[in-house]
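Shown below: protein.csv, with CSV, N, CA and C atoms and all ligand atoms.
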chain,number,residue,atom,x,y,z
A,1,MET,N,0.8,-1.2,0.0
A,1,MET,CA,0.0,0.0,0.0
A,1,MET,C,0.9,1.3,0.0
A,2,LEU,N,0.4,2.2,-0.7
A,2,LEU,CA,1.1,3.5,-0.8
A,2,LEU,C,0.9,4.3,0.4
A,3,PHE,N,2.0,4.6,1.2
A,3,PHE,CA,1.8,5.4,2.4
A,3,PHE,C,2.3,6.8,2.1
A,4,LEU,N,1.5,7.8,2.4
A,4,LEU,CA,1.8,9.2,2.2
A,4,LEU,C,1.7,10.0,3.4
A,5,ARG,N,2.6,10.9,3.7
A,5,ARG,CA,2.5,11.8,4.8
A,5,ARG,C,1.4,12.9,4.4
A,6,PRO,N,0.7,13.4,5.4
A,6,PRO,CA,-0.4,14.4,5.1
A,6,PRO,C,0.1,15.5,4.2
A,7,VAL,N,1.3,16.0,4.4
A,7,VAL,CA,1.8,17.2,3.6
A,7,VAL,C,1.8,16.8,2.1
A,8,GLU,N,2.4,15.5,1.8
A,8,GLU,CA,2.5,15.1,0.5
A,8,GLU,C,1.1,14.9,-0.2
A,9,LYS,N,0.2,14.3,0.7
A,9,LYS,CA,-1.2,14.1,0.2
A,9,LYS,C,-1.8,15.4,-0.3
A,10,THR,N,-1.7,16.4,0.5
A,10,THR,CA,-2.3,17.7,0.1
A,10,THR,C,-1.7,18.3,-1.1
A,11,ALA,N,-0.3,18.1,-1.2
A,11,ALA,CA,0.4,18.6,-2.4
A,11,ALA,C,-0.1,17.9,-3.7
A,12,ILE,N,-0.3,16.6,-3.6
A,12,ILE,CA,-0.8,15.8,-4.7
A,12,ILE,C,-2.2,16.2,-5.1
A,13,LEU,N,-3.1,16.4,-4.1
A,13,LEU,CA,-4.4,16.9,-4.3
A,13,LEU,C,-4.4,18.2,-5.0
A,14,LYS,N,-3.6,19.1,-4.5
A,14,LYS,CA,-3.5,20.5,-5.0
A,14,LYS,C,-3.1,20.4,-6.5
A,15,SER,N,-2.1,19.6,-6.8
A,15,SER,CA,-1.6,19.5,-8.2
A,15,SER,C,-2.7,18.9,-9.1
A,16,LEU,N,-3.5,18.0,-8.6
A,16,LEU,CA,-4.6,17.4,-9.3
A,16,LEU,C,-5.7,18.5,-9.6
A,17,LYS,N,-5.9,19.3,-8.5
A,17,LYS,CA,-6.9,20.4,-8.7
A,17,LYS,C,-6.5,21.4,-9.8
A,18,HIS,N,-5.1,21.6,-9.8
A,18,HIS,CA,-4.6,22.5,-10.8
A,18,HIS,C,-4.8,22.0,-12.2
A,19,GLU,N,-4.6,20.7,-12.4
A,19,GLU,CA,-4.8,20.0,-13.7
A,19,GLU,C,-6.2,20.2,-14.1
A,20,ILE,N,-7.2,19.9,-13.1
A,20,ILE,CA,-8.6,20.0,-13.4
A,20,ILE,C,-9.0,21.4,-13.8
A,21,ASN,N,-8.4,22.4,-13.1
A,21,ASN,CA,-8.7,23.8,-13.4
A,21,ASN,C,-8.2,24.2,-14.8
A,22,LYS,N,-7.0,23.6,-15.2
A,22,LYS,CA,-6.4,23.9,-16.5
A,22,LYS,C,-7.4,23.4,-17.6
A,23,VAL,N,-7.9,22.2,-17.4
A,23,VAL,CA,-8.8,21.6,-18.4
A,23,VAL,C,-10.1,22.4,-18.5
A,24,LYS,N,-10.6,22.8,-17.3
A,24,LYS,CA,-11.9,23.6,-17.3
A,24,LYS,C,-11.7,24.9,-18.1
A,25,LEU,N,-10.5,25.5,-17.8
A,25,LEU,CA,-10.2,26.8,-18.5
A,25,LEU,C,-10.1,26.6,-20.0
A,26,SER,N,-9.5,25.5,-20.4
A,26,SER,CA,-9.3,25.4,-21.8
A,26,SER,C,-10.6,25.1,-22.5
A,27,GLN,N,-11.6,24.5,-21.7
A,27,GLN,CA,-12.9,24.2,-22.3
A,27,GLN,C,-13.8,25.5,-22.5
A,28,ILE,N,-13.5,26.5,-21.7
A,28,ILE,CA,-14.2,27.8,-21.8
A,28,ILE,C,-13.7,28.5,-23.0
A,29,GLY,N,-14.5,28.9,-23.9
A,29,GLY,CA,-14.1,29.7,-25.1
A,29,GLY,C,-13.9,31.1,-24.8
A,30,GLY,N,-13.2,31.8,-25.6
A,30,GLY,CA,-13.1,33.3,-25.4
A,30,GLY,C,-12.2,33.8,-24.4
A,31,VAL,N,-11.5,32.9,-23.6
A,31,VAL,CA,-10.6,33.4,-22.7
A,31,VAL,C,-9.2,33.6,-23.4
A,32,ASN,N,-8.6,34.8,-23.1
A,32,ASN,CA,-7.3,35.1,-23.7
A,32,ASN,C,-6.3,34.2,-23.1
A,33,MET,N,-5.8,33.2,-23.8
A,33,MET,CA,-5.0,32.2,-23.3
A,33,MET,C,-3.5,32.7,-23.0
A,34,SER,N,-3.2,33.9,-23.5
A,34,SER,CA,-1.9,34.4,-23.3
A,34,SER,C,-1.8,35.0,-21.8
A,35,ARG,N,-3.0,35.2,-21.2
A,35,ARG,CA,-3.0,35.8,-19.8
A,35,ARG,C,-3.4,34.7,-18.8
A,36,VAL,N,-3.0,33.5,-19.1
A,36,VAL,CA,-3.3,32.4,-18.2
A,36,VAL,C,-2.0,31.8,-17.7
A,37,CYS,N,-2.0,31.5,-16.3
A,37,CYS,CA,-0.8,30.9,-15.7
A,37,CYS,C,-0.6,29.5,-16.1
A,38,ASN,N,0.6,29.1,-16.5
A,38,ASN,CA,0.8,27.7,-17.0
A,38,ASN,C,0.9,26.7,-15.9
A,39,ILE,N,1.0,27.2,-14.6
A,39,ILE,CA,1.2,26.3,-13.5
A,39,ILE,C,-0.2,26.0,-12.9
A,40,CYS,N,-1.0,27.1,-12.5
A,40,CYS,CA,-2.2,26.9,-11.8
A,40,CYS,C,-3.5,27.1,-12.6
A,41,GLY,N,-3.3,27.7,-13.9
A,41,GLY,CA,-4.5,27.9,-14.7
A,41,GLY,C,-5.2,29.1,-14.4
A,42,LYS,N,-4.7,30.0,-13.5
A,42,LYS,CA,-5.4,31.2,-13.2
A,42,LYS,C,-5.4,32.1,-14.4
A,43,GLY,N,-6.6,32.7,-14.7
A,43,GLY,CA,-6.7,33.5,-15.9
A,43,GLY,C,-7.6,34.7,-15.7
A,44,GLN,N,-8.1,35.2,-16.7
A,44,GLN,CA,-9.0,36.4,-16.7
A,44,GLN,C,-10.3,36.0,-16.1
A,45,THR,N,-10.9,36.9,-15.3
A,45,THR,CA,-12.2,36.7,-14.8
A,45,THR,C,-12.9,38.1,-14.9
A,46,SER,N,-14.2,38.1,-14.6
A,46,SER,CA,-15.0,39.3,-14.8
A,46,SER,C,-15.8,39.7,-13.6
A,47,GLY,N,-16.1,41.0,-13.5
A,47,GLY,CA,-16.8,41.5,-12.3
A,47,GLY,C,-17.4,42.9,-12.7
A,48,ASN,N,-17.7,43.7,-11.7
A,48,ASN,CA,-18.2,45.0,-11.9
A,48,ASN,C,-17.3,46.1,-11.4
A,49,ASN,N,-17.2,47.2,-12.1
A,49,ASN,CA,-16.7,48.4,-11.5
A,49,ASN,C,-17.9,49.0,-10.7
A,50,VAL,N,-17.7,49.5,-9.5
A,50,VAL,CA,-18.8,50.0,-8.7
A,50,VAL,C,-18.5,51.4,-8.3
A,51,SER,N,-19.3,52.4,-8.8
A,51,SER,CA,-19.0,53.8,-8.5
A,51,SER,C,-19.6,54.1,-7.1
A,52,HIS,N,-19.3,55.3,-6.7
A,52,HIS,CA,-19.8,55.7,-5.3
A,52,HIS,C,-21.3,55.8,-5.3
A,53,SER,N,-21.9,56.1,-6.5
A,53,SER,CA,-23.4,56.1,-6.6
A,53,SER,C,-23.9,54.7,-6.9
A,54,ASN,N,-23.1,53.7,-6.8
A,54,ASN,CA,-23.5,52.3,-6.9
A,54,ASN,C,-23.9,51.9,-8.3
A,55,ARG,N,-23.5,52.7,-9.3
A,55,ARG,CA,-23.7,52.3,-10.7
A,55,ARG,C,-22.7,51.2,-11.0
A,56,LYS,N,-23.1,50.2,-11.7
A,56,LYS,CA,-22.2,49.1,-12.0
A,56,LYS,C,-21.9,49.0,-13.5
A,57,THR,N,-20.6,48.8,-13.9
A,57,THR,CA,-20.3,48.6,-15.3
A,57,THR,C,-19.4,47.4,-15.3
A,58,ARG,N,-19.5,46.5,-16.3
A,58,ARG,CA,-18.7,45.3,-16.4
A,58,ARG,C,-17.2,45.6,-16.6
A,59,ARG,N,-16.4,44.8,-16.0
A,59,ARG,CA,-14.9,45.0,-16.2
A,59,ARG,C,-14.3,43.6,-16.1
A,60,THR,N,-13.0,43.5,-16.5
A,60,THR,CA,-12.3,42.2,-16.4
A,60,THR,C,-11.2,42.4,-15.4
A,61,PHE,N,-10.9,41.3,-14.7
A,61,PHE,CA,-9.7,41.2,-13.8
A,61,PHE,C,-8.8,40.3,-14.5
A,62,LYS,N,-7.6,40.8,-14.8
A,62,LYS,CA,-6.5,39.9,-15.4
A,62,LYS,C,-5.6,39.4,-14.4
A,63,ALA,N,-5.1,38.2,-14.6
A,63,ALA,CA,-4.1,37.6,-13.7
A,63,ALA,C,-2.8,38.3,-13.9
A,64,ASN,N,-2.1,38.5,-12.9
A,64,ASN,CA,-0.7,39.1,-13.0
A,64,ASN,C,0.3,38.0,-13.4
A,65,VAL,N,0.3,37.8,-14.7
A,65,VAL,CA,1.3,36.8,-15.2
A,65,VAL,C,2.5,37.4,-15.8
A,66,GLN,N,3.6,36.8,-15.6
A,66,GLN,CA,4.9,37.3,-16.1
A,66,GLN,C,5.5,36.2,-17.0
A,67,LYS,N,6.2,36.6,-18.1
A,67,LYS,CA,6.9,35.7,-18.9
A,67,LYS,C,8.2,35.3,-18.3
A,68,VAL,N,8.3,34.0,-18.0
A,68,VAL,CA,9.5,33.5,-17.3
A,68,VAL,C,9.9,32.2,-17.9
A,69,SER,N,11.2,31.8,-17.7
A,69,SER,CA,11.6,30.4,-18.0
A,69,SER,C,11.6,29.6,-16.7
A,70,TYR,N,11.1,28.4,-16.8
A,70,TYR,CA,11.0,27.5,-15.6
A,70,TYR,C,11.2,26.1,-16.1
A,71,VAL,N,11.5,25.2,-15.1
A,71,VAL,CA,11.8,23.8,-15.4
A,71,VAL,C,10.5,22.9,-15.3
A,72,GLU,N,10.1,22.2,-16.4
A,72,GLU,CA,9.0,21.3,-16.4
A,72,GLU,C,9.4,20.0,-17.0
A,73,ASN,N,9.2,18.9,-16.2
A,73,ASN,CA,9.7,17.6,-16.6
A,73,ASN,C,11.2,17.5,-16.9
A,74,GLY,N,12.0,18.3,-16.2
A,74,GLY,CA,13.4,18.3,-16.4
A,74,GLY,C,13.9,19.1,-17.6
A,75,LYS,N,12.9,19.8,-18.2
A,75,LYS,CA,13.2,20.6,-19.4
A,75,LYS,C,12.9,22.1,-19.1
A,76,GLU,N,13.8,23.0,-19.5
A,76,GLU,CA,13.6,24.4,-19.3
A,76,GLU,C,12.7,24.9,-20.4
A,77,VAL,N,11.5,25.6,-20.0
A,77,VAL,CA,10.6,26.1,-21.0
A,77,VAL,C,10.3,27.5,-20.7
A,78,ASN,N,9.9,28.3,-21.7
A,78,ASN,CA,9.4,29.7,-21.5
A,78,ASN,C,7.9,29.7,-21.5
A,79,GLY,N,7.4,30.4,-20.6
A,79,GLY,CA,5.9,30.5,-20.5
A,79,GLY,C,5.5,31.6,-19.5
A,80,TYR,N,4.2,31.7,-19.4
A,80,TYR,CA,3.6,32.7,-18.5
A,80,TYR,C,3.2,32.0,-17.1
A,81,VAL,N,3.7,32.7,-16.1
A,81,VAL,CA,3.4,32.1,-14.7
A,81,VAL,C,2.9,33.3,-13.9
A,82,CYS,N,1.9,33.1,-13.0
A,82,CYS,CA,1.3,34.1,-12.2
A,82,CYS,C,2.3,34.4,-11.0
A,83,THR,N,2.2,35.6,-10.5
A,83,THR,CA,3.1,36.0,-9.5
A,83,THR,C,3.0,35.2,-8.2
A,84,ARG,N,1.8,34.7,-7.9
A,84,ARG,CA,1.7,33.8,-6.7
A,84,ARG,C,2.5,32.6,-6.8
A,85,CYS,N,2.4,32.0,-8.1
A,85,CYS,CA,3.2,30.7,-8.3
A,85,CYS,C,4.7,31.1,-8.3
A,86,LEU,N,5.1,32.2,-8.7
A,86,LEU,CA,6.5,32.6,-8.7
A,86,LEU,C,7.0,32.7,-7.2
A,87,LYS,N,6.1,33.3,-6.4
A,87,LYS,CA,6.4,33.5,-5.0
A,87,LYS,C,6.6,32.1,-4.3
A,88,LYS,N,5.7,31.1,-4.7
A,88,LYS,CA,5.8,29.8,-4.2
A,88,LYS,C,7.1,29.1,-4.5
A,89,ALA,N,7.5,29.4,-5.8
A,89,ALA,CA,8.8,28.8,-6.3
A,89,ALA,C,10.0,29.3,-5.6
A,90,ASP,N,9.9,30.6,-5.2
A,90,ASP,CA,11.0,31.2,-4.4
A,90,ASP,C,11.1,30.5,-3.0
A,91,ARG,N,10.0,30.2,-2.4
A,91,ARG,CA,10.0,29.6,-1.1
A,91,ARG,C,10.6,28.2,-1.1
A,92,ALA,N,10.3,27.4,-2.2
A,92,ALA,CA,10.7,26.0,-2.3
A,92,ALA,C,12.2,25.9,-2.5
A,101,ZN,ZN,-0.3,30.4,-11.0

With the file now loaded, output its structure as structure tokens.
Amino acid sequence: MLFLRPVEKTAILKSLKHEINKVKLSQIGGVNMSRVCNICGKGQTSGNNVSHSNRKTRRTFKANVQKVSYVENGKEVNGYVCTRCLKKADRA
């Protein structure tokens, strides 16, 4: 039987979630794929601008993605990664 420590378990679950998110995002049409994080799938989302008089107009929230080179499956690749994932990489 495969024995995993709790930390490893959550890490695997998180990576699975990321993969699912990536698939979900790719199924949604009309998302600008150049503004999507290659690690976690974070991308553009929408909401309202709300003025002081409470009038609402549609707006988009873009992920803060930076073009960087990173290692994937032992190979160095160039791609877009969000700043949160970059911060995680710094800690590791
Ligand atoms: Zn990310």

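Among the candidates A:Gly74, A:Gly79, A:Gly47, A:Gly41, the one nearest to ligand ZN 101 (chain A) when counting only C-alpha atoms and all ligand atoms is A:Gly41.
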
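For the residues A:Ala92, A:Val50, A:Val77, A:Cys37, ranking by smallest atom-to-atom distance to ligand ZN 101 (chain A) using only N, CA and C atoms and all ligand atoms places A:Cys37 first.
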
Environment of ligand ZN 101 (chain A) within 6 Å, counting only N, CA and C atoms and all ligand atoms, reported as a PDB file with N, CA and C atoms, in the coordinates of the input:
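Output below, filename selection_24.pdb:
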ATOM      1  N   CYS A  37      -2.000  31.500 -16.300  1.00  0.00           N
ATOM      2  CA  CYS A  37      -0.800  30.900 -15.700  1.00  0.00           C
ATOM      3  C   CYS A  37      -0.600  29.500 -16.100  1.00  0.00           C
ATOM      4  N   ASN A  38       0.600  29.100 -16.500  1.00  0.00           N
ATOM      5  CA  ASN A  38       0.800  27.700 -17.000  1.00  0.00           C
ATOM      6  C   ASN A  38       0.900  26.700 -15.900  1.00  0.00           C
ATOM      7  N   ILE A  39       1.000  27.200 -14.600  1.00  0.00           N
ATOM      8  CA  ILE A  39       1.200  26.300 -13.500  1.00  0.00           C
ATOM      9  C   ILE A  39      -0.200  26.000 -12.900  1.00  0.00           C
ATOM     10  N   CYS A  40      -1.000  27.100 -12.500  1.00  0.00           N
ATOM     11  CA  CYS A  40      -2.200  26.900 -11.800  1.00  0.00           C
ATOM     12  C   CYS A  40      -3.500  27.100 -12.600  1.00  0.00           C
ATOM     13  N   GLY A  41      -3.300  27.700 -13.900  1.00  0.00           N
ATOM     14  CA  GLY A  41      -4.500  27.900 -14.700  1.00  0.00           C
ATOM     15  C   GLY A  41      -5.200  29.100 -14.400  1.00  0.00           C
ATOM     16  N   LYS A  42      -4.700  30.000 -13.500  1.00  0.00           N
ATOM     17  CA  LYS A  42      -5.400  31.200 -13.200  1.00  0.00           C
ATOM     18  C   LYS A  42      -5.400  32.100 -14.400  1.00  0.00           C
ATOM     19  N   VAL A  81       3.700  32.700 -16.100  1.00  0.00           N
ATOM     20  CA  VAL A  81       3.400  32.100 -14.700  1.00  0.00           C
ATOM     21  C   VAL A  81       2.900  33.300 -13.900  1.00  0.00           C
ATOM     22  N   CYS A  82       1.900  33.100 -13.000  1.00  0.00           N
ATOM     23  CA  CYS A  82       1.300  34.100 -12.200  1.00  0.00           C
ATOM     24  C   CYS A  82       2.300  34.400 -11.000  1.00  0.00           C
ATOM     25  N   THR A  83       2.200  35.600 -10.500  1.00  0.00           N
ATOM     26  CA  THR A  83       3.100  36.000  -9.500  1.00  0.00           C
ATOM     27  C   THR A  83       3.000  35.200  -8.200  1.00  0.00           C
ATOM     28  N   ARG A  84       1.800  34.700  -7.900  1.00  0.00           N
ATOM     29  CA  ARG A  84       1.700  33.800  -6.700  1.00  0.00           C
ATOM     30  C   ARG A  84       2.500  32.600  -6.800  1.00  0.00           C
ATOM     31  N   CYS A  85       2.400  32.000  -8.100  1.00  0.00           N
ATOM     32  CA  CYS A  85       3.200  30.700  -8.300  1.00  0.00           C
ATOM     33  C   CYS A  85       4.700  31.100  -8.300  1.00  0.00           C
TER      34      CYS A  85
END

key: Coordinates-based distance that separates atom CA of Ser51 of chain A from atom CA of Asn64 of chain A (Å, one decimal)   =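 So the two atoms, atom CA of Asn64 of chain A and atom CA of Ser51 of chain A, lie 23.9 Å apart.
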
key: Computed interatomic separation between atom CA of Ala89 of chain A and atom C of Ala63 of chain A (Å)   =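 Pair atom CA of Ala89 of chain A / atom C of Ala63 of chain A returns 16.8 Å.
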
ask   = Between atom CA of Ser34 of chain A and atom CA of Tyr80 of chain A, what is the spacing in Å?
value =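 We find that atom CA of Tyr80 of chain A and atom CA of Ser34 of chain A lie 7.5 Å from each other.
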
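Of the residues in segment 37-87 of chain A, those that DSSP places in helix (DSSP H, G or I) on the basis of the backbone are A:Thr83, A:Arg84, A:Cys85, A:Leu86, A:Lys87.
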
request  = Within 7 Å of Phe61 of chain A, counting only N, CA and C atoms, which residues show up once you throw out same-chain ones fewer than 6 positions away? Write them as a list of chain:residue names, please.
outcome  = A:Gly43, A:Gln44, A:Thr45, A:Ser46, A:Gly47
